[in-house]
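Pasting target_20.txt here (compact mmCIF, C-alpha atoms and all ligand atoms):
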```txt
# COMPACT_ATOMS: atom_id res chain seq x y z
CA MET A 532 10.51 19.22 3.63
CA SER A 533 11.79 17.41 0.52
CA THR A 534 9.45 15.25 -1.58
CA ASP A 535 11.32 12.14 -0.44
CA GLU A 536 10.93 13.04 3.23
CA GLU A 537 7.25 13.82 2.76
CA THR A 538 6.73 10.61 0.80
CA GLY A 539 8.46 8.64 3.57
CA MET A 540 6.26 10.17 6.26
CA ILE A 541 3.03 9.54 4.38
CA ARG A 542 4.10 6.02 3.47
CA GLU A 543 4.68 5.29 7.15
CA THR A 544 1.25 6.65 8.14
CA VAL A 545 -0.52 4.61 5.44
CA ALA A 546 1.51 1.51 6.33
CA LYS A 547 0.39 1.80 9.97
CA PHE A 548 -3.21 2.30 8.86
CA VAL A 549 -2.96 -0.86 6.73
CA ASP A 550 -1.31 -2.89 9.51
CA ARG A 551 -3.59 -1.71 12.31
CA GLU A 552 -6.93 -1.25 10.57
CA LEU A 553 -7.14 -3.18 7.30
CA ILE A 554 -5.10 -6.35 7.81
CA PRO A 555 -6.98 -7.22 11.05
CA LEU A 556 -10.21 -7.19 8.97
CA GLU A 557 -8.88 -9.83 6.57
CA PRO A 558 -10.32 -12.88 8.42
CA HIS A 559 -13.80 -11.32 8.32
CA TYR A 560 -13.37 -10.29 4.68
CA LEU A 561 -12.16 -13.74 3.62
CA LYS A 562 -15.09 -15.43 5.40
CA SER A 563 -17.52 -13.07 3.68
CA LYS A 564 -16.18 -14.20 0.30
CA LEU A 565 -16.87 -17.90 0.87
CA PRO A 566 -19.41 -19.19 -1.68
CA CYS A 567 -22.21 -19.74 0.86
CA SER A 568 -21.65 -16.56 2.85
CA ASP A 569 -24.19 -13.76 2.76
CA HIS A 570 -22.19 -11.42 5.02
CA PRO A 571 -21.10 -8.10 3.51
CA HIS A 572 -17.38 -7.96 2.63
CA VAL A 573 -16.94 -5.04 5.01
CA THR A 574 -19.74 -4.18 7.46
CA VAL A 575 -21.21 -0.68 7.70
CA GLU A 576 -19.55 -0.23 11.11
CA GLN A 577 -16.18 -1.43 9.82
CA LYS A 578 -16.39 0.91 6.85
CA GLU A 579 -17.38 3.83 9.05
CA ARG A 580 -14.42 3.18 11.35
CA LEU A 581 -12.04 2.98 8.38
CA ARG A 582 -13.36 6.28 7.07
CA THR A 583 -13.13 7.99 10.46
CA VAL A 584 -9.62 6.74 11.26
CA SER A 585 -8.22 7.49 7.80
CA LYS A 586 -9.78 10.96 7.82
CA ASP A 587 -8.38 11.70 11.28
CA LEU A 588 -4.96 10.61 10.04
CA GLY A 589 -5.24 13.25 7.31
CA LEU A 590 -5.33 10.66 4.51
CA TRP A 591 -8.22 12.11 2.52
CA GLY A 592 -7.85 14.35 -0.50
CA LEU A 593 -4.15 13.49 -0.77
CA ASP A 594 -3.82 14.32 -4.46
CA ALA A 595 -6.74 16.74 -4.70
CA PRO A 596 -6.11 20.43 -5.46
CA GLU A 597 -5.36 22.60 -2.43
CA ASP A 598 -8.01 25.21 -3.29
CA LEU A 599 -10.64 22.47 -2.94
CA GLY A 600 -9.32 21.30 0.41
CA GLY A 601 -6.82 18.71 -0.82
CA HIS A 602 -3.08 18.29 -0.25
CA ASP A 603 -2.02 18.27 -3.90
CA LEU A 604 0.64 15.62 -3.30
CA PRO A 605 2.87 14.59 -6.19
CA THR A 606 2.31 11.36 -8.08
CA ARG A 607 5.51 9.89 -6.58
CA THR A 608 4.02 10.20 -3.09
CA MET A 609 0.72 8.75 -4.24
CA ALA A 610 2.63 5.76 -5.60
CA ALA A 611 3.89 5.02 -2.08
CA VAL A 612 0.32 5.34 -0.74
CA HIS A 613 -1.05 2.83 -3.24
CA GLU A 614 1.83 0.45 -2.68
CA GLU A 615 1.02 0.25 1.03
CA LEU A 616 -2.74 -0.14 0.41
CA GLY A 617 -1.95 -2.92 -2.06
CA ARG A 618 -0.55 -5.13 0.70
CA THR A 619 -4.01 -6.10 1.92
CA CYS A 620 -6.88 -7.87 0.22
CA VAL A 621 -9.43 -5.72 2.08
CA PRO A 622 -10.70 -3.13 -0.40
CA PHE A 623 -10.63 0.46 0.81
CA ILE A 624 -10.28 3.64 -1.19
CA LEU A 625 -9.01 6.77 0.50
CA PRO A 626 -11.39 9.43 -0.89
CA PRO A 627 -11.37 10.57 -3.57
CA ASP A 628 -10.57 7.82 -6.09
CA SER A 629 -7.95 9.54 -8.26
CA PRO A 630 -8.84 8.61 -11.89
CA ASN A 631 -12.24 10.36 -12.05
CA LEU A 632 -10.79 13.20 -9.96
CA ARG A 633 -8.14 13.78 -12.63
CA MET A 634 -10.75 13.77 -15.38
CA LEU A 635 -13.00 16.26 -13.56
CA GLN A 636 -10.00 18.41 -12.71
CA ALA A 637 -8.74 18.45 -16.30
CA VAL A 638 -11.96 19.30 -18.13
CA GLY A 639 -14.73 20.04 -15.61
CA THR A 640 -16.40 23.46 -15.69
CA GLU A 641 -16.38 25.59 -12.54
CA GLY A 642 -20.00 24.54 -11.96
CA GLN A 643 -19.18 20.83 -12.33
CA LYS A 644 -16.21 21.18 -10.00
CA ARG A 645 -18.43 22.76 -7.33
CA LYS A 646 -21.26 20.28 -7.79
CA TYR A 647 -19.32 17.02 -8.19
CA MET A 648 -15.62 17.43 -7.52
CA GLN A 649 -15.85 19.20 -4.17
CA PRO A 650 -18.17 16.61 -2.54
CA TYR A 651 -16.16 13.85 -4.25
CA ILE A 652 -12.97 15.12 -2.64
CA GLU A 653 -14.74 15.40 0.71
CA GLY A 654 -15.80 11.73 0.48
CA ARG A 655 -19.49 12.62 0.21
CA MET A 656 -19.91 11.29 -3.33
CA VAL A 657 -18.99 8.07 -5.11
CA SER A 658 -18.51 7.91 -8.86
CA ALA A 659 -18.16 5.34 -11.62
CA ILE A 660 -17.01 5.32 -15.23
CA ALA A 661 -18.90 3.69 -18.09
CA ILE A 662 -16.76 3.08 -21.17
CA SER A 663 -17.04 -0.63 -22.02
CA GLU A 664 -19.89 -2.06 -24.04
CA PRO A 665 -20.84 -5.61 -24.99
CA GLY A 666 -19.14 -5.10 -28.38
CA ALA A 667 -16.39 -2.69 -27.35
CA GLY A 668 -14.10 -3.26 -24.39
CA GLY A 669 -10.40 -3.57 -25.18
CA ASP A 670 -11.15 -1.39 -28.22
CA PRO A 671 -13.39 1.36 -26.77
CA ALA A 672 -13.34 3.32 -30.03
CA GLY A 673 -15.95 0.82 -31.24
CA MET A 674 -18.54 2.06 -28.75
CA LYS A 675 -22.10 2.53 -29.97
CA THR A 676 -23.82 4.39 -27.14
CA ARG A 677 -25.15 7.62 -28.67
CA ALA A 678 -25.97 11.05 -27.39
CA VAL A 679 -28.23 13.35 -29.36
CA GLN A 680 -28.98 16.95 -28.45
CA GLU A 681 -32.68 17.87 -28.26
CA GLY A 682 -33.37 21.44 -27.18
CA ASP A 683 -31.58 22.06 -23.92
CA GLN A 684 -31.09 18.37 -23.17
CA TRP A 685 -28.97 15.44 -24.29
CA VAL A 686 -30.67 12.10 -24.91
CA LEU A 687 -28.55 9.02 -24.27
CA ASN A 688 -29.24 5.57 -25.72
CA GLY A 689 -27.03 2.51 -25.41
CA ARG A 690 -25.72 -0.27 -23.22
CA LYS A 691 -22.62 -0.43 -21.02
CA ILE A 692 -21.16 -3.47 -19.31
CA TRP A 693 -18.64 -4.44 -16.59
CA ILE A 694 -19.21 -1.15 -14.79
CA THR A 695 -17.68 -1.14 -11.31
CA ASN A 696 -19.58 0.73 -8.60
CA ALA A 697 -22.56 1.46 -10.88
CA ARG A 698 -25.08 0.88 -8.09
CA ALA A 699 -23.23 2.81 -5.40
CA ALA A 700 -22.25 5.75 -7.59
CA ASP A 701 -23.87 9.16 -7.09
CA PHE A 702 -22.80 10.04 -10.60
CA ILE A 703 -21.40 8.12 -13.56
CA ILE A 704 -19.13 9.48 -16.23
CA VAL A 705 -20.53 7.98 -19.43
CA MET A 706 -18.66 7.90 -22.71
CA ALA A 707 -20.94 8.19 -25.73
CA ARG A 708 -20.73 8.99 -29.40
CA VAL A 709 -22.06 12.27 -30.74
CA GLY A 710 -22.71 12.62 -34.47
CA ASN A 711 -21.59 10.11 -37.07
CA ASP A 712 -17.81 10.30 -36.80
CA ALA A 713 -16.17 6.90 -36.97
CA ARG A 714 -13.61 5.65 -34.44
CA GLN A 715 -12.39 8.18 -31.84
CA GLY A 716 -14.12 11.16 -33.41
CA GLY A 717 -17.34 12.13 -31.70
CA ILE A 718 -16.61 10.41 -28.41
CA THR A 719 -17.85 12.66 -25.64
CA SER A 720 -18.11 12.28 -21.87
CA PHE A 721 -21.26 13.08 -19.92
CA ILE A 722 -22.10 13.16 -16.25
CA VAL A 723 -25.22 11.17 -15.43
CA GLU A 724 -26.63 11.38 -11.92
CA LYS A 725 -28.00 8.44 -9.98
CA GLY A 726 -31.76 8.06 -10.36
CA THR A 727 -32.00 9.88 -13.70
CA PRO A 728 -35.02 8.41 -15.57
CA GLY A 729 -33.85 6.14 -18.39
CA PHE A 730 -30.63 5.20 -16.59
CA ILE A 731 -31.28 1.56 -15.76
CA ILE A 732 -29.09 -0.83 -13.81
CA GLU A 733 -30.04 -4.00 -15.62
CA ARG A 734 -28.07 -6.62 -13.71
CA GLU A 735 -25.29 -7.25 -11.26
CA ILE A 736 -22.57 -9.52 -12.66
CA PRO A 737 -20.65 -11.67 -10.18
CA MET A 738 -16.94 -11.55 -10.96
CA LEU A 739 -13.90 -13.51 -9.88
CA GLY A 740 -12.93 -12.99 -6.25
CA GLY A 741 -16.50 -12.29 -5.11
CA GLU A 742 -16.52 -8.83 -6.72
CA SER A 743 -19.33 -7.43 -8.87
CA THR A 744 -19.70 -5.26 -11.91
CA TYR A 745 -22.93 -4.09 -13.57
CA GLU A 746 -24.62 -4.00 -16.94
CA ILE A 747 -26.43 -0.72 -17.41
CA VAL A 748 -28.75 0.61 -20.08
CA PHE A 749 -29.57 4.13 -21.22
CA GLU A 750 -33.06 4.30 -22.67
CA ASP A 751 -33.97 7.78 -23.83
CA CYS A 752 -32.09 9.00 -20.80
CA ARG A 753 -32.43 12.81 -20.74
CA ILE A 754 -29.76 14.85 -19.05
CA PRO A 755 -29.24 18.63 -18.95
CA LYS A 756 -27.22 20.31 -21.68
CA ASP A 757 -24.47 21.24 -19.26
CA SER A 758 -23.83 17.55 -18.41
CA VAL A 759 -21.10 17.40 -21.04
CA LEU A 760 -17.74 16.88 -19.32
CA GLY A 761 -15.14 18.61 -21.47
CA GLU A 762 -15.63 19.35 -25.12
CA ILE A 763 -18.10 17.68 -27.43
CA GLY A 764 -16.32 15.08 -29.57
CA LYS A 765 -13.09 15.42 -27.58
CA GLY A 766 -13.71 12.91 -24.81
CA TYR A 767 -10.95 10.53 -25.84
CA ALA A 768 -8.03 12.50 -24.39
CA PRO A 769 -9.48 13.05 -20.88
CA MET A 770 -10.62 9.42 -20.85
CA GLN A 771 -7.04 8.36 -21.62
CA LEU A 772 -5.78 10.65 -18.85
CA ARG A 773 -8.14 8.87 -16.48
CA LEU A 774 -7.04 5.42 -17.67
CA ARG A 775 -3.35 6.38 -17.37
CA THR A 776 -3.89 7.55 -13.78
CA ARG A 777 -5.42 4.18 -12.89
CA ARG A 778 -2.74 2.20 -14.74
CA LEU A 779 0.01 3.96 -12.82
CA GLU A 780 -1.88 3.38 -9.58
CA MET A 781 -2.24 -0.31 -10.50
CA GLY A 782 1.56 -0.52 -10.80
CA SER A 783 1.92 0.50 -7.15
CA THR A 784 -0.95 -1.68 -5.97
CA CYS A 785 0.71 -4.66 -7.66
CA ILE A 786 4.01 -3.93 -5.91
CA GLY A 787 2.07 -4.04 -2.63
CA ILE A 788 0.48 -7.37 -3.59
CA ALA A 789 3.84 -8.86 -4.58
CA ARG A 790 5.51 -7.61 -1.36
CA ARG A 791 2.83 -9.29 0.76
CA ALA A 792 3.12 -12.53 -1.24
CA LEU A 793 6.91 -12.44 -0.88
CA ASP A 794 6.66 -11.85 2.88
CA MET A 795 4.34 -14.82 3.27
CA LEU A 796 6.53 -16.97 1.04
CA CYS A 797 9.70 -16.10 3.00
CA GLU A 798 8.11 -16.55 6.41
CA HIS A 799 6.88 -20.00 5.47
CA ALA A 800 10.09 -21.03 3.71
CA MET A 801 12.15 -20.10 6.78
CA GLN A 802 10.20 -22.33 9.14
CA ARG A 803 8.96 -25.26 7.02
CA GLU A 804 11.26 -28.29 6.65
CA THR A 805 10.77 -31.05 4.09
CA PHE A 806 13.10 -34.02 3.77
CA GLY A 807 15.09 -32.62 6.70
CA VAL A 808 15.91 -29.31 5.02
CA LYS A 809 14.28 -25.88 5.30
CA LEU A 810 12.40 -24.81 2.17
CA ALA A 811 14.47 -21.61 2.28
CA GLU A 812 17.56 -23.74 1.51
CA ARG A 813 16.05 -25.10 -1.73
CA GLN A 814 17.20 -23.54 -4.97
CA ALA A 815 13.70 -23.67 -6.49
CA ILE A 816 12.36 -21.53 -3.65
CA GLN A 817 15.42 -19.22 -3.62
CA TRP A 818 14.98 -18.46 -7.30
CA TRP A 819 11.38 -17.46 -6.69
CA VAL A 820 12.50 -15.19 -3.85
CA ALA A 821 15.20 -13.68 -6.07
CA ASP A 822 12.93 -13.24 -9.07
CA ILE A 823 10.06 -11.68 -7.14
CA SER A 824 12.43 -9.31 -5.28
CA THR A 825 14.12 -8.27 -8.52
CA ARG A 826 10.84 -7.64 -10.27
CA ILE A 827 9.45 -5.65 -7.34
CA HIS A 828 12.55 -3.45 -7.51
CA ALA A 829 12.25 -3.05 -11.29
CA CYS A 830 8.55 -2.25 -11.05
CA ARG A 831 9.13 0.36 -8.36
CA LEU A 832 11.69 2.08 -10.56
CA MET A 833 9.28 1.99 -13.51
CA VAL A 834 6.50 3.50 -11.40
CA ARG A 835 8.79 6.20 -9.96
CA ASP A 836 10.00 7.14 -13.41
CA ALA A 837 6.44 7.42 -14.75
CA ALA A 838 5.30 9.26 -11.60
CA ASP A 839 8.09 11.85 -11.95
CA LYS A 840 7.33 12.28 -15.65
CA THR A 841 3.64 12.81 -14.79
CA ASP A 842 4.59 15.46 -12.23
CA ARG A 843 6.70 17.20 -14.88
CA GLY A 844 3.69 17.18 -17.22
CA GLU A 845 5.22 14.67 -19.65
CA ASP A 846 3.20 12.12 -21.56
CA ILE A 847 3.42 8.60 -20.06
CA LYS A 848 1.20 6.68 -22.48
CA ARG A 849 3.93 4.15 -23.32
CA GLU A 850 5.19 3.85 -19.73
CA ALA A 851 1.64 3.34 -18.41
CA SER A 852 1.12 0.42 -20.81
CA MET A 853 4.47 -1.10 -19.84
CA ILE A 854 3.65 -0.79 -16.14
CA LYS A 855 0.16 -2.23 -16.63
CA VAL A 856 1.56 -5.36 -18.27
CA PHE A 857 4.66 -5.80 -16.10
CA ALA A 858 3.09 -5.06 -12.72
CA THR A 859 -0.09 -7.09 -13.05
CA GLU A 860 1.76 -10.15 -14.37
CA MET A 861 4.43 -9.78 -11.68
CA ALA A 862 1.86 -9.64 -8.86
CA TYR A 863 -0.10 -12.59 -10.22
CA GLU A 864 3.05 -14.70 -10.55
CA ALA A 865 4.32 -13.68 -7.09
CA CYS A 866 1.04 -14.86 -5.54
CA ASP A 867 1.25 -18.10 -7.49
CA HIS A 868 4.79 -18.84 -6.27
CA ALA A 869 3.83 -17.98 -2.71
CA MET A 870 0.78 -20.24 -2.91
CA GLN A 871 2.96 -23.08 -4.23
CA THR A 872 5.53 -22.59 -1.46
CA LEU A 873 2.84 -22.75 1.21
CA GLY A 874 1.66 -26.14 -0.08
CA ALA A 875 -1.92 -27.07 0.83
CA LEU A 876 -2.05 -24.07 3.13
CA GLY A 877 -1.57 -21.93 0.02
CA MET A 878 -4.71 -23.47 -1.45
CA THR A 879 -6.96 -22.46 1.44
CA LEU A 880 -9.33 -19.54 1.45
CA GLU A 881 -8.36 -18.75 5.05
CA ILE A 882 -5.25 -16.78 4.16
CA PRO A 883 -5.21 -13.73 1.85
CA LEU A 884 -3.06 -15.18 -0.97
CA ASN A 885 -5.92 -16.41 -3.09
CA ALA A 886 -7.80 -13.11 -2.70
CA LEU A 887 -4.66 -11.15 -3.61
CA SER A 888 -4.06 -13.42 -6.58
CA GLN A 889 -7.62 -12.87 -7.83
CA LYS A 890 -7.21 -9.13 -7.38
CA ALA A 891 -4.10 -9.29 -9.58
CA ARG A 892 -5.89 -11.54 -12.07
CA LEU A 893 -8.70 -9.03 -12.50
CA MET A 894 -6.13 -6.28 -13.00
CA ARG A 895 -4.68 -8.14 -15.96
CA MET A 896 -8.04 -7.52 -17.65
CA TYR A 897 -9.56 -4.20 -16.64
CA GLU A 898 -8.16 -0.91 -17.90
CA GLY A 899 -7.21 -2.89 -20.99
CA PRO A 900 -6.03 -6.51 -21.34
CA SER A 901 -2.26 -7.20 -21.38
CA GLU A 902 -2.37 -8.15 -25.07
CA VAL A 903 -3.81 -4.77 -26.06
CA HIS A 904 -1.12 -2.97 -24.06
CA ARG A 905 1.61 -5.14 -25.60
CA GLN A 906 0.22 -4.23 -28.99
CA ALA A 907 0.27 -0.52 -28.08
CA ILE A 908 3.89 -0.73 -26.85
CA ALA A 909 5.04 -2.67 -29.90
CA ARG A 910 3.31 -0.36 -32.38
CA ARG A 911 5.09 2.63 -30.83
CA VAL A 912 8.46 0.88 -30.93
CA LEU A 913 7.86 -0.20 -34.52
CA GLY A 914 6.64 3.25 -35.47
CA LEU A 915 3.35 1.91 -36.80
CA ARG A 916 0.46 4.36 -37.01
CA GLY A 917 -2.80 4.25 -35.09
C1 LIG A 1001 -13.25 -6.43 -12.70
C2 LIG A 1001 -13.50 -5.56 -13.89
C3 LIG A 1001 -13.92 -4.26 -13.69
C4 LIG A 1001 -14.19 -3.43 -14.78
N1 LIG A 1001 -14.67 -2.16 -14.56
C5 LIG A 1001 -14.99 -1.37 -15.62
C6 LIG A 1001 -15.55 -0.08 -15.42
O1 LIG A 1001 -15.75 0.38 -14.27
N2 LIG A 1001 -15.90 0.66 -16.49
C7 LIG A 1001 -15.70 0.21 -17.77
O2 LIG A 1001 -16.02 0.92 -18.70
N3 LIG A 1001 -15.17 -1.04 -17.99
C8 LIG A 1001 -14.82 -1.83 -16.96
N4 LIG A 1001 -14.29 -3.09 -17.17
C9 LIG A 1001 -14.16 -3.57 -18.54
C10 LIG A 1001 -12.72 -3.76 -18.98
O3 LIG A 1001 -12.02 -2.57 -19.11
C11 LIG A 1001 -12.77 -4.59 -20.26
O4 LIG A 1001 -13.30 -5.85 -19.91
C12 LIG A 1001 -11.46 -4.78 -20.89
O5 LIG A 1001 -11.02 -3.58 -21.44
C13 LIG A 1001 -11.52 -5.86 -21.98
O6 LIG A 1001 -12.60 -5.67 -22.83
P1 LIG A 1001 -13.50 -6.92 -23.30
O7 LIG A 1001 -13.96 -7.60 -22.07
O8 LIG A 1001 -14.53 -6.44 -24.23
O9 LIG A 1001 -12.49 -7.86 -24.03
P2 LIG A 1001 -12.13 -7.86 -25.61
O10 LIG A 1001 -11.79 -6.48 -26.05
O11 LIG A 1001 -13.19 -8.60 -26.31
O12 LIG A 1001 -10.82 -8.74 -25.59
C14 LIG A 1001 -10.88 -10.13 -25.24
C15 LIG A 1001 -9.50 -10.73 -25.30
O13 LIG A 1001 -9.07 -10.70 -26.66
C16 LIG A 1001 -7.68 -10.49 -26.72
N5 LIG A 1001 -7.42 -9.29 -27.50
C17 LIG A 1001 -8.21 -8.20 -27.65
N6 LIG A 1001 -7.62 -7.29 -28.43
C18 LIG A 1001 -6.43 -7.79 -28.79
C19 LIG A 1001 -5.34 -7.33 -29.56
N7 LIG A 1001 -5.37 -6.12 -30.12
N8 LIG A 1001 -4.25 -8.12 -29.69
C20 LIG A 1001 -4.21 -9.34 -29.11
N9 LIG A 1001 -5.20 -9.84 -28.36
C21 LIG A 1001 -6.30 -9.09 -28.20
C22 LIG A 1001 -7.19 -10.33 -25.27
O14 LIG A 1001 -6.67 -11.54 -24.83
C23 LIG A 1001 -8.44 -9.97 -24.53
O15 LIG A 1001 -8.38 -10.36 -23.17
C24 LIG A 1001 -14.01 -3.93 -16.10
C25 LIG A 1001 -13.58 -5.25 -16.28
C26 LIG A 1001 -13.32 -6.06 -15.21
C27 LIG A 1001 -12.84 -7.47 -15.45
```

Rendering of file as structure tokens:
Amino acid sequence: MSTDEETGMIRETVAKFVDRELIPLEPHYLKSKLPCSDHPHVTVEQKERLRTVSKDLGLWGLDAPEDLGGHDLPTRTMAAVHEELGRTCVPFILPPDSPNLRMLQAVGTEGQKRKYMQPYIEGRMVSAIAISEPGAGGDPAGMKTRAVQEGDQWVLNGRKIWITNARAADFIIVMARVGNDARQGGITSFIVEKGTPGFIIEREIPMLGGESTYEIVFEDCRIPKDSVLGEIGKGYAPMQLRLRTRRLEMGSTCIGIARRALDMLCEHAMQRETFGVKLAERQAIQWWVADISTRIHACRLMVRDAADKTDRGEDIKREASMIKVFATEMAYEACDHAMQTLGALGMTLEIPLNALSQKARLMRMYEGPSEVHRQAIARRVLGLRG
């Protein structure tokens, strides 16, 4: 079977899963996000059903290595998967979440792969990544969290913030500085297991869209010597690999968001009349339809290009930044135009547009703000160093 045929088949399966299992949960999910609601976003039973159905459909371990039970699908196919999942506001990750998988795969020891990667692929473990700090977010090279070796242990001290999944995670990949090297030198990644003494979840931070991140502290947190992920002082490259994987994935997710917004915009514009004329006949609305469609097409080509380059082992640093900026801004704008077209209905919390818009808004910030990516793109074009 060719890659295109395989991609088409998997896209269809994921699309059906989204239409039959996730989109029907949207009314519950949207109610759970209302300010006074104390319902969980997705109930335990709903989550269990999603896991069972998606596993039965063979949708787990899609891009995991075959020798660890995965399907080792190419990045191009994964792009189609994330595009379909992006069409709904209901959050669901098909195990395993790819960015940490890539990092473990690239630099994990055999022991770490057995202990963390295998159960991660099998959906038995959840992970998180802790890079950002109160004084170092968009510029992670400024991080201050330190790791010092004492005998056969590492001792971590520092503070991390905005960490997604910190409470749920069975293990967290923590970036810390070893030695006194300035900037990127010395940055090392460590695996810290849930419940390790000195690893403190200090507070939950409510974010836009009813989501949460966490502020965590490492206070003389002692971890075994073999908790280093990769080489000491060389954590920057695998961290970038992880970030690039997510940025590419975000490109596809944003296409999914924009497609859903466009569908809702078109459906409404075709049936709503104002001043005796259908909204679909108005030039203002038609331009939005044209612009969103054009940008979805452009973004898909950008993602495919970067996906194919990734599969050929080429560096996609520049492309990943371009996609991050273009896709997140496209999705946010598409939601905004759809909300405007739907009038007051677009302002309600009963339909998924606002939730999708907030999802896109958050994406303009995490994994690096748009301005930092624009700077990175421009510096490469200009040939500036650093
Ligand atoms: C929902 C969410 C989830 C997150 N999850 C995680 C996680 O799991 N793990 C983790 O480690 N981090 C996580 N983060 C943190 C995220 O990656 C950082 O917030 C982000 O990189 C920005 O860092 P900062 O907040 O320190 O902003 P700063 O770096 O202080 O930047 C603030 C603003 O300054 C401007 N700016 C900064 N630098 C430049 C520049 N060079 N040129 C022009 N303008 C500039 C931009 O407008 C930017 O938005 C998450 C953030 C969010 C919002």

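The smallest atom-to-atom distance between Leu876 in chain A and any of A:Lys840, A:Arg803, A:Lys756, A:Lys890, using only C-alpha atoms, is found for A:Arg803.
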
Gap from atom C7 of ligand LIG 1001 (chain A) to CA of Trp693 in chain A - Å, one decimal: 5.6 Å

Minimum-distance residue to Ile703 in chain A, chosen among A:Pro728, A:Ala667, A:Ile847, A:Ser658 (using all atoms listed in the file): A:Ser658

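With all atoms listed in the file as the atoms that count, the set of residues no farther than 6 Å from ligand LIG 1001 (chain A) is Ile660, Ala661, Ile662, Ser663, Ala667, Gly668, Gly669, Asp670, Trp693, Ile694, Thr695, Leu893, Met896, Tyr897, Glu898, Gly899, Pro900, Glu902, Val903 and Gln906 of chain A.
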
Counting only C-alpha atoms, the residue of A:Leu590, A:Cys785, A:Leu793, A:Ile816 that sits nearest Arg895 in chain A: A:Cys785

Nearest candidate to Arg633 in chain A (options A:Arg708, A:Arg773, A:Arg618, A:Arg677; using all atoms listed in the file): A:Arg773

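For Arg835 in chain A, the residues within 10 Å (counting all atoms listed in the file, excluding itself and residues fewer than 5 positions away along the chain) are Thr606, Arg607, Thr608, Ala610, Ala611, Leu779, Gly782, Ser783, Ala829, Cys830, Lys840 and Thr841 of chain A.
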
Create the file for the chosen residues now, containing C-alpha atoms and written as a PDB file, keeping the file's coordinate frame.
```
ATOM      1  CA  THR A 606       2.310  11.360  -8.080  1.00  0.00           C
ATOM      2  CA  ARG A 607       5.510   9.890  -6.580  1.00  0.00           C
ATOM      3  CA  THR A 608       4.020  10.200  -3.090  1.00  0.00           C
ATOM      4  CA  ALA A 610       2.630   5.760  -5.600  1.00  0.00           C
ATOM      5  CA  ALA A 611       3.890   5.020  -2.080  1.00  0.00           C
ATOM      6  CA  LEU A 779       0.010   3.960 -12.820  1.00  0.00           C
ATOM      7  CA  GLY A 782       1.560  -0.520 -10.800  1.00  0.00           C
ATOM      8  CA  SER A 783       1.920   0.500  -7.150  1.00  0.00           C
ATOM      9  CA  ALA A 829      12.250  -3.050 -11.290  1.00  0.00           C
ATOM     10  CA  CYS A 830       8.550  -2.250 -11.050  1.00  0.00           C
ATOM     11  CA  LYS A 840       7.330  12.280 -15.650  1.00  0.00           C
ATOM     12  CA  THR A 841       3.640  12.810 -14.790  1.00  0.00           C
TER      13      THR A 841
END
```

Length of the CA of Gln680 in chain A to CA of Pro665 in chain A vector [Å]: 24.2 Å

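Nearest residue to Pro755 in chain A, choosing from A:Glu798, A:Glu681, A:Ala821, A:Ala707 and counting all atoms listed in the file: A:Glu681.
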
9 Å contact set for Gly761 in chain A, all atoms listed in the file, chain neighbours under 5 positions out, as an NGL selection string: :A and (634-635 or 637-640 or 719-721 or 766 or 769)

Distance query 12 Å from (0.4, -9.9, 0.3) using all atoms listed in the file, result as a ChimeraX atom specification: /A:549-550,554,557,614-621,784-798,862-863,865-870,882-891

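Between CA of Gly914 in chain A and CA of Ala851 in chain A the separation is 17.8 Å.
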
Nearby residues (all atoms listed in the file) at most 10 Å from Ala659 in chain A, same-chain spacing under 4 positions excluded, as number ranges by chain: A: 628, 630-631, 694-705, 722-723

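Considering the residues A:Arg910, A:His828, A:Lys644, A:Arg843 and counting only C-alpha atoms, Leu760 in chain A has its shortest atom-to-atom contact with A:Lys644.
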